[in-house]
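Visitor: Got a structure for you, query-v6.csv, holding CSV, C-alpha atoms and all ligand atoms.
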chain,number,residue,atom,x,y,z
A,1,MET,CA,-27.3,31.4,-55.0
A,2,VAL,CA,-30.0,34.1,-55.1
A,3,CYS,CA,-30.4,36.4,-52.1
A,4,PRO,CA,-34.0,36.9,-51.2
A,5,PRO,CA,-34.9,40.5,-51.7
A,6,GLN,CA,-35.4,42.7,-48.6
A,7,ALA,CA,-35.4,39.8,-46.2
A,8,ASP,CA,-34.6,41.3,-42.9
A,9,LYS,CA,-35.8,44.8,-43.1
A,10,ALA,CA,-38.7,44.8,-40.8
A,11,TYR,CA,-37.2,42.4,-38.2
A,12,GLN,CA,-34.9,44.9,-36.6
A,13,THR,CA,-36.9,45.4,-33.5
A,14,ASN,CA,-34.4,45.7,-30.7
A,15,GLN,CA,-36.4,44.4,-27.8
A,16,HIS,CA,-34.0,45.4,-25.2
A,17,LEU,CA,-34.1,49.0,-26.4
A,18,ARG,CA,-37.8,49.0,-25.9
A,19,GLU,CA,-38.7,51.8,-23.5
A,20,ARG,CA,-39.1,50.4,-20.1
A,21,SER,CA,-40.8,53.5,-18.8
A,22,VAL,CA,-38.0,54.1,-16.4
A,23,ASN,CA,-39.2,55.2,-13.1
A,24,LYS,CA,-38.8,58.8,-14.0
A,25,ASP,CA,-38.6,61.4,-11.2
A,26,GLU,CA,-38.2,58.7,-8.6
A,27,TYR,CA,-36.3,59.9,-5.6
A,28,CYS,CA,-34.1,58.0,-3.2
A,29,ILE,CA,-32.3,58.9,0.0
A,30,CYS,CA,-28.6,58.6,-0.1
A,31,ASP,CA,-27.2,56.1,2.3
A,32,GLU,CA,-24.1,58.2,2.9
A,33,CYS,CA,-25.0,61.8,3.1
A,34,GLY,CA,-28.8,61.4,3.7
A,35,SER,CA,-29.7,63.8,0.9
A,36,LYS,CA,-32.6,63.1,-1.4
A,37,PHE,CA,-31.5,62.5,-5.0
A,38,LEU,CA,-33.0,61.6,-8.3
A,39,LYS,CA,-32.6,57.9,-8.8
A,40,SER,CA,-32.0,58.1,-12.5
A,41,SER,CA,-29.2,60.5,-12.0
A,42,SER,CA,-27.0,58.1,-10.1
A,43,LYS,CA,-25.3,54.9,-11.1
A,44,MET,CA,-26.1,53.5,-7.7
A,45,MET,CA,-29.5,53.0,-6.1
A,46,THR,CA,-28.4,53.8,-2.6
A,47,LEU,CA,-25.9,56.6,-3.2
A,48,CYS,CA,-26.3,60.1,-4.7
A,49,PRO,CA,-24.0,60.9,-7.7
A,50,GLU,CA,-21.8,62.9,-5.4
A,51,CYS,CA,-21.2,60.1,-2.9
A,52,ALA,CA,-21.0,57.4,-5.6
A,53,HIS,CA,-18.3,59.5,-7.2
A,54,VAL,CA,-16.3,60.1,-4.0
A,55,LEU,CA,-16.6,56.6,-2.7
A,56,TYR,CA,-16.6,54.5,-5.8
A,57,GLY,CA,-15.3,56.7,-8.6
A,58,TYR,CA,-18.5,56.8,-10.6
A,59,PRO,CA,-18.9,59.8,-12.8
A,60,ASN,CA,-20.2,62.7,-10.9
A,61,CYS,CA,-23.1,64.9,-11.7
A,62,ALA,CA,-22.2,68.4,-13.0
A,63,HIS,CA,-24.2,69.9,-10.2
A,64,ALA,CA,-26.0,73.1,-10.8
A,65,PHE,CA,-27.6,74.4,-7.7
A,66,LYS,CA,-30.8,76.2,-7.6
A,67,ASN,CA,-32.8,76.9,-4.4
A,68,GLY,CA,-30.4,74.7,-2.5
A,69,ARG,CA,-30.7,71.7,-4.7
A,70,CYS,CA,-29.0,70.5,-7.8
A,71,ILE,CA,-31.4,70.8,-10.7
A,72,TYR,CA,-30.0,67.6,-12.3
A,73,CYS,CA,-29.7,65.1,-9.4
A,74,HIS,CA,-31.6,66.8,-6.7
A,75,TRP,CA,-28.7,66.5,-4.3
A,76,ASP,CA,-29.0,69.1,-1.5
A,77,GLY,CA,-25.2,69.5,-0.9
A,78,SER,CA,-25.1,67.3,2.2
A,79,GLN,CA,-21.9,65.6,2.9
A,80,SER,CA,-21.1,62.9,5.5
A,81,GLU,CA,-18.1,63.4,7.7
A,82,TYR,CA,-16.5,60.5,5.9
A,83,VAL,CA,-16.9,62.0,2.5
A,84,LYS,CA,-15.7,65.4,3.7
A,85,ARG,CA,-12.6,63.8,5.0
A,86,LEU,CA,-12.0,61.9,1.8
A,87,LYS,CA,-12.3,65.1,-0.2
A,88,ARG,CA,-10.0,67.0,2.1
A,89,THR,CA,-7.2,64.5,1.4
A,90,GLU,CA,-7.7,64.6,-2.3
Q,101,ZN,ZN,-24.8,61.3,-1.0
Q,102,ZN,ZN,-26.1,67.2,-9.2
As a first step, turn the structure in this file into structure tokens.
Ligand SMILES: [Zn+2]
Ligand SMILES: [Zn+2]
Guide:
Amino acid sequence: MVCPPQADKAYQTNQHLRERSVNKDEYCICDECGSKFLKSSSKMMTLCPECAHVLYGYPNCAHAFKNGRCIYCHWDGSQSEYVKRLKRTE
């Protein structure tokens, strides 16, 4: 048995890793708190990272506020009554 030399070198194109030009800088309105947030920063399309974290346990953004908004996820610090209550009982 002879192995063909350098057979599969150039064929390693991972198609699913191809850049899908993710809608960068696309903003959404959070269903829960009503704040605008950066879509790519949250695991959920309809919730900002903060609400997704409190409601569903997704990893939260390490918010860093500047001019009233997080520079990472663009959350403005809004909290619904429901979320506030959940946090208070934590
Ligand atoms: Zn929210
Ligand atoms: Zn944030």
Visitor: Would you mind listing the residues within 6 Å of ligand ZN 101 (chain Q), counting only C-alpha atoms and all ligand atoms, as a PDB file with C-alpha atoms, in the coordinates of the input?
Guide:
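File written: out09.pdb
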ATOM      1  CA  CYS A  30     -28.600  58.600  -0.100  1.00  0.00           C
ATOM      2  CA  GLU A  32     -24.100  58.200   2.900  1.00  0.00           C
ATOM      3  CA  CYS A  33     -25.000  61.800   3.100  1.00  0.00           C
ATOM      4  CA  SER A  35     -29.700  63.800   0.900  1.00  0.00           C
ATOM      5  CA  LEU A  47     -25.900  56.600  -3.200  1.00  0.00           C
ATOM      6  CA  CYS A  48     -26.300  60.100  -4.700  1.00  0.00           C
ATOM      7  CA  GLU A  50     -21.800  62.900  -5.400  1.00  0.00           C
ATOM      8  CA  CYS A  51     -21.200  60.100  -2.900  1.00  0.00           C
TER       9      CYS A  51
END
Visitor: Report, in Å with one decimal, the straight-line distance from CA of Gly77 in chain A to CA of Ala52 in chain A.
Guide: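 Result for CA of Gly77 in chain A versus CA of Ala52 in chain A: 13.6 Å, one decimal.
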Visitor: Go through chain A residue by residue and, counting all atoms listed in the file, keep those with an atom at most 7 Å from ligand ZN 102 (chain Q); for each kept residue give the shortest atom pair and its distance in Å to one decimal, ordered by chain and increasing number, as a Markdown table.
Guide:
| residue | atom | partner | partner_atom | distance |
| --- | --- | --- | --- | --- |
| A:Pro49 | CA | Q:ZN102 | ZN | 6.8 |
| A:Cys61 | CA | Q:ZN102 | ZN | 4.5 |
| A:Ala62 | CA | Q:ZN102 | ZN | 5.6 |
| A:His63 | CA | Q:ZN102 | ZN | 3.4 |
| A:Ala64 | CA | Q:ZN102 | ZN | 6.1 |
| A:Cys70 | CA | Q:ZN102 | ZN | 4.6 |
| A:Ile71 | CA | Q:ZN102 | ZN | 6.6 |
| A:Tyr72 | CA | Q:ZN102 | ZN | 5.0 |
| A:Cys73 | CA | Q:ZN102 | ZN | 4.2 |
| A:His74 | CA | Q:ZN102 | ZN | 6.1 |
| A:Trp75 | CA | Q:ZN102 | ZN | 5.6 |
Visitor: Figure out the distance between CA of Tyr27 in chain A and CA of Leu55 in chain A, please, to one decimal in Å.
Guide: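 Result for CA of Leu55 in chain A versus CA of Tyr27 in chain A: 20.2 Å, one decimal.
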Visitor: Quick check, in Å to one decimal: how far apart do CA of Thr89 in chain A and CA of Ser40 in chain A lie?
Guide: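 Distance between the two atoms: 29.1 Å.
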Visitor: Show me, as a PyMOL selection string, the residues that have an atom within 9 Å of Lys39 in chain A when counting all atoms listed in the file, minus same-chain residues fewer than 4 positions from it.
Guide: chain A and resi 23-29+43-48+73
Visitor: For each of A:Asp76, A:Pro59, A:Arg85, A:Gly68, take the minimum atom-to-atom distance to Ser42 in chain A, counting only C-alpha atoms, then give the residue where this is smallest.
Guide: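 Closest to Ser42 in chain A of all the choices is A:Pro59.
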